[in-house]
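Enquirer: One structure, pasted below without further comment.
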Amino acid sequence: MTDACGCGSDEKRNENGEVEEHEPEQLWEIKELRFAAMGGLFLLAGFVAGLADMSSAVVTALNATALAFGAWTFVPNTLRRLAKAKIGVGTLMTIAAVGAVILGEVAEAATLAFLYSISEGLEEYAVARTRRGLRALLSLVPPEATVLRHGSQVTVAPADLALGDVLLVRPGERVATDGVVRSGRTTFDVSALTGESVPVEAGVGDAVYAGSINGSGILEIDVTTTAEDNSLARIVNIVEAEQSRKGDAQRLADRIAKPLVPGIMVLAAFIAIAGSVFGDPATWIERALVVLVAASPCALAISVPVTVVAAIGSASRNGVLVKGGAALEGLGRIRAIALDKTGTLTRNEPTVVEVATASGHTREHVLDVAAALESRSEHPLARAILAAVPEHSNAEDVEAVIGAGLTGIVDGCQARLGRPGWIPAGGLADPVTRMQEAGATAVLIERAGVVIGAIAVRDELRPEAAEVVAQLRADGYRVAMLTGDNERTANALAADAGISDVHAELRPEDKSAIIRKLREQWPTAMVGDGVNDAPALATADVGIAMGAMGSDVAVETADVALMGEDLRNLPQSLAHARRARAIMLQNVGLSLGLITILIPLAGFGILGLAAVVLVHELAEIVVIGNGVRAGRVSAPTGPSAPTPAREAPSYADVSP
């Protein structure tokens, strides 16, 4: 996540003043590091020239050039920020460099600028990915919509839709804006809005939402919201607002520098003025300038980015992408975690978990008839049933009954597969009820007019889900589950995972609102993988995406992406971030302690400029060495062994 308040660089803009899309991904692409390299070369040249007893003018020129290269990476931005009354580490570094130049120590000023430009470059490198979530969200709106006006079909842009218009939505098309079904019946793929893999049924009077994909029916839909205020627009607005809020968050070093800078400036002014009144003005003004150099947070400026880069680098090698220092710091402060269900706690791969059979029929026979019918279907439940039956009979004359199921002929007999209600459950009523109460979708199979069995399909928990939740709770985190699924499914899976705080039947803005409430009590992370999770990911203090299988919008909106499929990377990443943040605080404490000691020693003339510079250089070596420790982390363990399924799992009806 880009630190908008960072002292180094603002947003990159082109010649027209527009924000550029590209962010550097290689070290050589980082402007600060290129300038730091040039400054380092001139600084080295100046050092060599001094050893060779070359003229002082040459040495000064080389050091001044080094200073110019290093200062260019932060001084202009610092001045712009000061004009807006914003103070950061760059302000104190600029003051320290100016003080060193006034004292005639151009080489020291160049060294300060060189170190700080490196620190800014390292921070920029750590943040070298941009989020493209809003573009991905907006791509869910179709480029045009068909409207029925004055008895004819008219193609218009979604932005031109008005309340009261009637949309005509054909099979496979996306709905352009929110509305209510006027005529027709179908199933909708609402995974973009709810994250659920099982389509939902919709008929006359049912609400539908922008971005939903129509199944097999032809619908007429009364438009109830304009394009500017529909479901997707609200998601975009939430993500945009929350990303802006995060962009205003300050880095740790800047939060410290904000009160430190004015305090140091007031102290230096007091030393210069008071000393001039009671002593030699030249001596005390020089001491005031040495105090400014002594107060320069060189160790602070370099130690935090080094820690960030070391921690982020080691995390990425273990399949965890952390987008910058602010994200790492935030991850280390998290105390509450909200988990999406589908694709996060579960695999987002519905599977057959139970088969109930009527008297005289076998499990294999029931699955064979079901697979024969489903072999002609693209429904997610069909994939689950076919996966359970590699070889099956053939079906003829298969027809889909919208919102109900399938009919066809299997082995010469009429057969049906569909939802309870369309097919009477008969003697399987109790098993079907049990399946649904346990959170599964139940389908009945009928052959020759007789119900022969029921199949339960459910998106099962990841094998390691319960272990991860238990570990999070043991580590002191509050754990909640957020899902767009219905309460029966949500509660059944949450119970298996060991989660008691369950929020079900949520739309994207609902998830965002719950995250906002959690943030009022604890620093909160949201873990999700779908477009529907984008507002919650953006609203949370830290958004964490299941990156390997997550949607682009989730990965780009999030601050952290778990690139593997093992959920146990989550508690490990949290522990890694806590350790890295502890190291940051150690370095900050050491840096501030050093400044606290050096300032009075410099103010009373006990230490001169040379001694102050030497102490700073030694401190930088110490904090850099400590920061590198953040890169030490054990490799993640492999996936845990799958846990056996419950004896009677089930599948609930999916709500929109």
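The chains in the structure tokens are called A, B, ... from first to last as shown; in each chain the residues are counted from 1, and the ligands are counted from 1 in the order shown.
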At a cut-off of 9 Å, can you tabulate as a Markdown table every residue of region 484-587 of chain A near region 326-343 of chain A together with its closest atom pair and the distance in Å to one decimal, using only C-alpha atoms and ordering rows by chain then number?
Expert:
| residue | atom | partner | partner_atom | distance |
| --- | --- | --- | --- | --- |
| A:Gly484 | CA | A:Lys341 | CA | 8.5 |
| A:Asp485 | CA | A:Lys341 | CA | 8.4 |
| A:Ala490 | CA | A:Lys341 | CA | 7.7 |
| A:Leu493 | CA | A:Lys341 | CA | 8.4 |
| A:Ala494 | CA | A:Lys341 | CA | 8.5 |
| A:Ile515 | CA | A:Ala338 | CA | 7.6 |
| A:Leu518 | CA | A:Ala336 | CA | 7.5 |
| A:Arg519 | CA | A:Ala336 | CA | 8.3 |
| A:Gln521 | CA | A:Ala336 | CA | 8.8 |
| A:Trp522 | CA | A:Arg335 | CA | 5.8 |
| A:Pro523 | CA | A:Ile334 | CA | 4.8 |
| A:Thr524 | CA | A:Ala336 | CA | 4.6 |
| A:Ala525 | CA | A:Ile337 | CA | 4.8 |
| A:Met526 | CA | A:Ala338 | CA | 4.8 |
| A:Val527 | CA | A:Leu339 | CA | 4.9 |
| A:Gly528 | CA | A:Asp340 | CA | 5.0 |
| A:Asp529 | CA | A:Gly343 | CA | 6.2 |
| A:Gly530 | CA | A:Gly343 | CA | 7.9 |
| A:Asp533 | CA | A:Asp340 | CA | 7.7 |
| A:Asp541 | CA | A:Gly330 | CA | 6.6 |
| A:Val542 | CA | A:Leu331 | CA | 6.2 |
| A:Gly543 | CA | A:Ala327 | CA | 8.8 |
| A:Met546 | CA | A:Gly343 | CA | 7.7 |
| A:Met549 | CA | A:Gly343 | CA | 7.7 |
| A:Gly550 | CA | A:Gly343 | CA | 7.6 |
| A:Asp559 | CA | A:Ala327 | CA | 5.7 |
| A:Val560 | CA | A:Ala327 | CA | 7.2 |
| A:Ser573 | CA | A:Leu331 | CA | 8.3 |
| A:Leu574 | CA | A:Leu331 | CA | 6.3 |
| A:Ala575 | CA | A:Gly332 | CA | 7.5 |
| A:His576 | CA | A:Gly332 | CA | 7.9 |
| A:Ala577 | CA | A:Gly332 | CA | 4.5 |
| A:Arg578 | CA | A:Gly332 | CA | 4.0 |
| A:Arg579 | CA | A:Gly332 | CA | 7.5 |
| A:Ala580 | CA | A:Gly332 | CA | 7.4 |
| A:Arg581 | CA | A:Gly332 | CA | 5.8 |
| A:Ala582 | CA | A:Gly332 | CA | 8.3 |
| A:Met584 | CA | A:Glu329 | CA | 8.7 |
Enquirer: As an MDAnalysis selection string, list the residues of region 387-554 of chain A assigned to helix (DSSP H, G or I) by DSSP on the backbone atoms of this structure.
Expert: chainID A and resid 387:388 426:437 465:474 487:497 508:519 531:539 552:554
Enquirer: Give me, as a tab-separated table, each residue of region 468-512 of chain A that comes within 9 Å of region 231-235 of chain A, together with its shortest interatomic pair and the distance in Å at one decimal, counting only C-alpha atoms, with rows ordered by chain and rising residue number.
Expert:
residue	atom	partner	partner_atom	distance
A:Arg507	CA	A:Ser231	CA	9.0
A:Pro508	CA	A:Ile235	CA	6.7
A:Glu509	CA	A:Ile235	CA	6.6
Enquirer: What's the 10 Å shell around Gly184 (chain A), counting only C-alpha atoms, without same-chain residues fewer than 6 positions away, as a VMD selection string?
Expert: chain A and resid 169 202 to 205 217 to 221 402
Enquirer: Generate a file of the selected residues that holds N, CA and C atoms, formatted as an mmCIF file, in the first residue's frame.
Expert:
data_model
loop_
_atom_site.group_PDB
_atom_site.id
_atom_site.type_symbol
_atom_site.label_atom_id
_atom_site.label_comp_id
_atom_site.auth_asym_id
_atom_site.auth_seq_id
_atom_site.Cartn_x
_atom_site.Cartn_y
_atom_site.Cartn_z
ATOM 1 N N VAL A 169 -32.783 -8.595 -20.575
ATOM 2 C CA VAL A 169 -31.518 -9.277 -20.282
ATOM 3 C C VAL A 169 -31.609 -10.695 -20.818
ATOM 4 N N ALA A 202 -34.146 -16.532 -9.485
ATOM 5 C CA ALA A 202 -34.833 -15.241 -9.492
ATOM 6 C C ALA A 202 -36.048 -15.337 -10.397
ATOM 7 N N GLY A 203 -37.157 -14.778 -9.922
ATOM 8 C CA GLY A 203 -38.393 -14.750 -10.696
ATOM 9 C C GLY A 203 -39.079 -13.419 -10.528
ATOM 10 N N VAL A 204 -40.306 -13.342 -10.946
ATOM 11 C CA VAL A 204 -41.072 -12.092 -10.893
ATOM 12 C C VAL A 204 -41.102 -11.546 -9.468
ATOM 13 N N GLY A 205 -40.750 -10.277 -9.340
ATOM 14 C CA GLY A 205 -40.755 -9.619 -8.036
ATOM 15 C C GLY A 205 -39.444 -9.674 -7.285
ATOM 16 N N GLY A 217 -32.530 -17.929 -18.666
ATOM 17 C CA GLY A 217 -33.827 -17.334 -18.965
ATOM 18 C C GLY A 217 -33.700 -15.953 -19.595
ATOM 19 N N ILE A 218 -34.792 -15.525 -20.250
ATOM 20 C CA ILE A 218 -34.868 -14.164 -20.784
ATOM 21 C C ILE A 218 -35.725 -13.348 -19.835
ATOM 22 N N LEU A 219 -35.191 -12.216 -19.370
ATOM 23 C CA LEU A 219 -35.861 -11.441 -18.334
ATOM 24 C C LEU A 219 -36.186 -10.036 -18.802
ATOM 25 N N GLU A 220 -37.276 -9.524 -18.265
ATOM 26 C CA GLU A 220 -37.555 -8.091 -18.330
ATOM 27 C C GLU A 220 -37.432 -7.564 -16.903
ATOM 28 N N ILE A 221 -36.643 -6.507 -16.734
ATOM 29 C CA ILE A 221 -36.320 -6.005 -15.396
ATOM 30 C C ILE A 221 -36.644 -4.524 -15.311
ATOM 31 N N ILE A 402 -36.214 -23.997 -15.798
ATOM 32 C CA ILE A 402 -35.610 -22.837 -15.138
ATOM 33 C C ILE A 402 -36.100 -22.715 -13.700
#
Enquirer: If you run DSSP on the backbone, which residues of region 369-616 of chain A are strand (DSSP E or B), as a PyMOL selection string?
Expert: chain A and resi 395-401+405-410+413-418+420+423+440-447+450-458+461+478-482+501-503+524-528+542-546+560-562
Enquirer: Neighbouring residues of region 185-190 of chain A were defined as those with any atom within 10 Å, considering only C-alpha atoms; residues of the same chain fewer than 5 positions away were excluded. Please report them as number ranges by chain.
Expert: A: 171-172, 174-175, 195-204, 206, 208-220, 379, 401-404, 484, 532, 655-656
Enquirer: With N, CA and C atoms retained, export the selected residues as a short mmCIF file (atom, residue, chain, number, x, y, z; two decimals), in the first residue's frame.
Expert:
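Once written, again_33.cif looks like this:
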data_model
loop_
_atom_site.label_atom_id
_atom_site.label_comp_id
_atom_site.auth_asym_id
_atom_site.auth_seq_id
_atom_site.Cartn_x
_atom_site.Cartn_y
_atom_site.Cartn_z
N PRO A 171 -29.87 -14.57 -21.90
CA PRO A 171 -28.97 -15.53 -21.23
C PRO A 171 -27.50 -15.17 -21.45
N GLY A 172 -26.72 -15.22 -20.37
CA GLY A 172 -25.29 -14.95 -20.44
C GLY A 172 -24.92 -13.49 -20.31
N ARG A 174 -24.75 -9.64 -18.56
CA ARG A 174 -24.68 -9.02 -17.24
C ARG A 174 -25.79 -7.98 -17.10
N VAL A 175 -26.28 -7.87 -15.89
CA VAL A 175 -27.30 -6.85 -15.60
C VAL A 175 -26.59 -5.51 -15.44
N GLY A 195 -19.85 -13.54 -3.69
CA GLY A 195 -18.75 -14.49 -3.57
C GLY A 195 -19.18 -15.93 -3.59
N GLU A 196 -20.48 -16.19 -3.70
CA GLU A 196 -20.96 -17.57 -3.65
C GLU A 196 -20.91 -18.21 -5.03
N SER A 197 -20.49 -19.47 -5.05
CA SER A 197 -20.30 -20.17 -6.32
C SER A 197 -21.59 -20.76 -6.87
N VAL A 198 -22.60 -20.93 -6.05
CA VAL A 198 -23.86 -21.54 -6.49
C VAL A 198 -24.82 -20.45 -6.94
N PRO A 199 -25.29 -20.48 -8.20
CA PRO A 199 -26.23 -19.44 -8.67
C PRO A 199 -27.50 -19.42 -7.86
N VAL A 200 -28.17 -18.27 -7.87
CA VAL A 200 -29.42 -18.11 -7.12
C VAL A 200 -30.58 -17.97 -8.09
N GLU A 201 -31.74 -18.42 -7.66
CA GLU A 201 -32.93 -18.35 -8.49
C GLU A 201 -33.55 -16.97 -8.39
N ALA A 202 -34.15 -16.53 -9.48
CA ALA A 202 -34.83 -15.24 -9.49
C ALA A 202 -36.05 -15.34 -10.40
N GLY A 203 -37.16 -14.78 -9.92
CA GLY A 203 -38.39 -14.75 -10.70
C GLY A 203 -39.08 -13.42 -10.53
N VAL A 204 -40.31 -13.34 -10.95
CA VAL A 204 -41.07 -12.09 -10.89
C VAL A 204 -41.10 -11.55 -9.47
N ASP A 206 -38.50 -10.48 -7.76
CA ASP A 206 -37.21 -10.59 -7.08
C ASP A 206 -36.27 -9.45 -7.50
N VAL A 208 -32.69 -7.86 -8.43
CA VAL A 208 -31.44 -8.27 -9.06
C VAL A 208 -30.49 -7.08 -9.02
N TYR A 209 -29.20 -7.37 -9.13
CA TYR A 209 -28.20 -6.34 -8.90
C TYR A 209 -27.22 -6.23 -10.07
N ALA A 210 -26.71 -5.03 -10.24
CA ALA A 210 -25.76 -4.76 -11.32
C ALA A 210 -24.57 -5.70 -11.22
N GLY A 211 -24.12 -6.21 -12.35
CA GLY A 211 -22.98 -7.11 -12.37
C GLY A 211 -23.35 -8.58 -12.31
N SER A 212 -24.61 -8.89 -11.95
CA SER A 212 -25.06 -10.29 -11.92
C SER A 212 -25.13 -10.82 -13.35
N ILE A 213 -24.81 -12.11 -13.52
CA ILE A 213 -24.82 -12.72 -14.85
C ILE A 213 -26.05 -13.60 -14.98
N ASN A 214 -26.85 -13.34 -16.01
CA ASN A 214 -28.08 -14.09 -16.23
C ASN A 214 -27.75 -15.51 -16.71
N GLY A 215 -28.54 -16.47 -16.22
CA GLY A 215 -28.34 -17.85 -16.60
C GLY A 215 -29.01 -18.17 -17.93
N SER A 216 -30.09 -18.96 -17.89
CA SER A 216 -30.68 -19.47 -19.13
C SER A 216 -32.00 -18.81 -19.50
N GLY A 217 -32.53 -17.93 -18.67
CA GLY A 217 -33.83 -17.33 -18.96
C GLY A 217 -33.70 -15.95 -19.60
N ILE A 218 -34.79 -15.53 -20.25
CA ILE A 218 -34.87 -14.16 -20.78
C ILE A 218 -35.72 -13.35 -19.84
N LEU A 219 -35.19 -12.22 -19.37
CA LEU A 219 -35.86 -11.44 -18.33
C LEU A 219 -36.19 -10.04 -18.80
N GLU A 220 -37.28 -9.52 -18.26
CA GLU A 220 -37.56 -8.09 -18.33
C GLU A 220 -37.43 -7.56 -16.90
N HIS A 379 -24.11 -26.11 -14.57
CA HIS A 379 -24.37 -25.65 -13.21
C HIS A 379 -23.24 -26.10 -12.28
N VAL A 401 -35.40 -27.08 -16.61
CA VAL A 401 -36.60 -26.38 -16.16
C VAL A 401 -36.11 -25.23 -15.28
N ILE A 402 -36.21 -24.00 -15.80
CA ILE A 402 -35.61 -22.84 -15.14
C ILE A 402 -36.10 -22.72 -13.70
N GLY A 403 -35.14 -22.63 -12.80
CA GLY A 403 -35.46 -22.47 -11.38
C GLY A 403 -35.90 -23.73 -10.70
N ALA A 404 -35.85 -24.87 -11.39
CA ALA A 404 -36.33 -26.11 -10.78
C ALA A 404 -35.32 -27.24 -10.89
N GLY A 484 -21.95 -13.71 2.23
CA GLY A 484 -23.20 -13.39 1.57
C GLY A 484 -24.15 -14.57 1.56
N ASN A 532 -16.68 -9.11 -4.36
CA ASN A 532 -17.61 -8.69 -3.31
C ASN A 532 -16.91 -8.32 -2.01
N SER A 655 -28.92 -17.69 -0.71
CA SER A 655 -29.72 -16.48 -0.86
C SER A 655 -28.92 -15.42 -1.58
N PRO A 656 -29.57 -14.49 -2.25
CA PRO A 656 -28.84 -13.46 -2.96
C PRO A 656 -28.17 -12.50 -2.02
#
Enquirer: What's around region 32-41 of chain A at 7 Å? Count only C-alpha atoms, leave out sequence neighbours fewer than 3 positions away in its own chain, and write the answer as a compact mmCIF listing (two decimals) with N, CA and C atoms, in the first residue's frame.
Expert:
# COMPACT_ATOMS: atom_id res chain seq x y z
N TRP A 28 16.45 -0.83 -10.28
CA TRP A 28 17.00 0.23 -11.14
C TRP A 28 15.92 1.21 -11.60
N LEU A 44 31.97 9.26 -2.85
CA LEU A 44 33.19 8.45 -2.84
C LEU A 44 34.33 9.18 -3.53
N ALA A 45 34.00 9.83 -4.65
CA ALA A 45 35.03 10.59 -5.37
C ALA A 45 35.59 11.71 -4.50
N ALA A 66 27.35 15.53 -4.87
CA ALA A 66 26.74 14.39 -4.18
C ALA A 66 25.53 14.84 -3.38
N LEU A 67 25.66 15.98 -2.70
CA LEU A 67 24.55 16.53 -1.92
C LEU A 67 23.36 16.86 -2.81
N PHE A 69 22.49 15.51 -5.70
CA PHE A 69 21.82 14.29 -6.13
C PHE A 69 20.96 13.70 -5.01
N GLY A 70 21.54 13.60 -3.82
CA GLY A 70 20.80 13.01 -2.71
C GLY A 70 19.62 13.86 -2.28
N THR A 73 15.99 13.98 -4.07
CA THR A 73 14.99 12.94 -3.87
C THR A 73 13.98 13.30 -2.77
N PHE A 114 22.57 11.19 1.13
CA PHE A 114 22.81 9.88 0.51
C PHE A 114 22.06 8.79 1.27
N SER A 117 18.21 9.26 0.90
CA SER A 117 17.71 8.89 -0.44
C SER A 117 17.67 7.37 -0.60
N ILE A 118 18.64 6.67 0.03
CA ILE A 118 18.59 5.20 0.01
C ILE A 118 17.36 4.70 0.76
N GLU A 120 14.55 6.22 1.30
CA GLU A 120 13.33 6.49 0.54
C GLU A 120 13.22 5.55 -0.65
N GLY A 121 14.35 5.24 -1.28
CA GLY A 121 14.33 4.31 -2.40
C GLY A 121 13.90 2.92 -1.97
Enquirer: Find the spatial neighbours of Val101 (chain A), counting only C-alpha atoms, within a cut-off of 10 Å - ignore same-chain residues fewer than 5 positions away - and output them as number ranges by chain.
Expert: A: 64, 67, 95-96, 106-110, 289
Enquirer: Compile a residue-level contact table for region 440-490 of chain A against region 409-421 of chain A at a cut-off of 12 Å, reporting for every qualifying residue the shortest atom pair and its distance in Å to one decimal, with only C-alpha atoms counted, rows ordered by chain and ascending number, as JSON lines.
Expert:
{"residue": "A:Thr441", "atom": "CA", "partner": "A:Arg419", "partner_atom": "CA", "distance": 8.6}
{"residue": "A:Ala442", "atom": "CA", "partner": "A:Arg419", "partner_atom": "CA", "distance": 6.9}
{"residue": "A:Val443", "atom": "CA", "partner": "A:Arg419", "partner_atom": "CA", "distance": 5.0}
{"residue": "A:Leu444", "atom": "CA", "partner": "A:Gly418", "partner_atom": "CA", "distance": 5.5}
{"residue": "A:Ile445", "atom": "CA", "partner": "A:Leu417", "partner_atom": "CA", "distance": 4.6}
{"residue": "A:Glu446", "atom": "CA", "partner": "A:Arg416", "partner_atom": "CA", "distance": 5.0}
{"residue": "A:Arg447", "atom": "CA", "partner": "A:Ala415", "partner_atom": "CA", "distance": 4.4}
{"residue": "A:Ala448", "atom": "CA", "partner": "A:Gln414", "partner_atom": "CA", "distance": 5.3}
{"residue": "A:Gly449", "atom": "CA", "partner": "A:Ala415", "partner_atom": "CA", "distance": 7.4}
{"residue": "A:Val450", "atom": "CA", "partner": "A:Ala415", "partner_atom": "CA", "distance": 8.9}
{"residue": "A:Val451", "atom": "CA", "partner": "A:Arg416", "partner_atom": "CA", "distance": 9.0}
{"residue": "A:Ile452", "atom": "CA", "partner": "A:Ala415", "partner_atom": "CA", "distance": 10.1}
{"residue": "A:Gly453", "atom": "CA", "partner": "A:Leu417", "partner_atom": "CA", "distance": 9.8}
{"residue": "A:Ala454", "atom": "CA", "partner": "A:Leu417", "partner_atom": "CA", "distance": 9.2}
{"residue": "A:Ile455", "atom": "CA", "partner": "A:Leu417", "partner_atom": "CA", "distance": 9.9}
{"residue": "A:Ala456", "atom": "CA", "partner": "A:Arg419", "partner_atom": "CA", "distance": 11.0}
Enquirer: Mind pulling up the distance from CA of Ala538 (chain A) to CA of Lys517 (chain A)?
Expert: 14.0 Å
Enquirer: So that I can see what lies close to region 312-317 of chain A, please list as an mmCIF file with C-alpha atoms, in the first residue's frame the residues with an atom at most 9 Å from it, counting only C-alpha atoms and leaving out residues fewer than 5 positions away in the same chain.
Expert:
data_model
loop_
_atom_site.group_PDB
_atom_site.id
_atom_site.type_symbol
_atom_site.label_atom_id
_atom_site.label_comp_id
_atom_site.auth_asym_id
_atom_site.auth_seq_id
_atom_site.Cartn_x
_atom_site.Cartn_y
_atom_site.Cartn_z
ATOM 1 C CA ALA A 126 8.687 -2.015 -0.994
ATOM 2 C CA THR A 307 13.385 -3.484 8.426
ATOM 3 C CA VAL A 322 2.996 -7.281 1.658
ATOM 4 C CA LYS A 323 2.454 -4.014 -0.184
ATOM 5 C CA GLY A 324 4.709 -1.607 1.662
ATOM 6 C CA GLY A 325 5.779 -0.408 5.060
ATOM 7 C CA LEU A 328 3.503 -4.227 7.342
ATOM 8 C CA MET A 563 -0.327 -16.292 -2.731
ATOM 9 C CA SER A 573 2.172 -13.745 8.436
ATOM 10 C CA HIS A 576 6.036 -12.242 11.183
ATOM 11 C CA ALA A 577 4.553 -8.733 11.020
ATOM 12 C CA ALA A 630 13.302 -8.945 10.353
ATOM 13 C CA GLY A 631 14.113 -11.047 7.322
ATOM 14 C CA ARG A 632 14.532 -14.206 9.351
ATOM 15 C CA VAL A 633 11.402 -16.325 9.268
ATOM 16 C CA ALA A 635 9.315 -21.475 5.928
#
Enquirer: Ranking A:Val291, A:Ala438, A:Gly46, A:Ala470 by minimum distance to Glu487 (chain A) and counting only C-alpha atoms, which one comes first?
Expert: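 Distance minimum relative to Glu487 (chain A) lands on A:Ala438.
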Enquirer: Under the rule that only C-alpha atoms are counted, which of A:Leu79, A:Ile595, A:Ile256, A:Ala358 is the nearest residue to Ala429 (chain A)?
Expert: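 When distances to Ala429 (chain A) are compared using only C-alpha atoms, the smallest one comes from A:Ala358.
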Enquirer: In Å, with one decimal, what is the gap from CA of Val290 (chain A) to CA of Ala71 (chain A)?
Expert: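 It comes out at 19.4 Å.
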Enquirer: Can you work out which one of A:Arg287, A:His361, A:Arg80, A:Arg516 has the shortest atom-to-atom distance to Ile273 (chain A), counting only C-alpha atoms?
Expert: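 The closest residue to Ile273 (chain A) is A:Arg287.
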Enquirer: Given the choices A:Ile87, A:Ala558, A:Val308, A:Leu567, which gets closest to Thr344 (chain A) if the distance is worked out from only C-alpha atoms?
Expert: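 Nearest to Thr344 (chain A): A:Leu567.
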Enquirer: Which is closer to Gln586 (chain A) than all the others in A:Arg383, A:His392, A:Arg629, A:Arg347, using only C-alpha atoms?
Expert: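 Under the stated criterion, the closest residue is A:Arg629.
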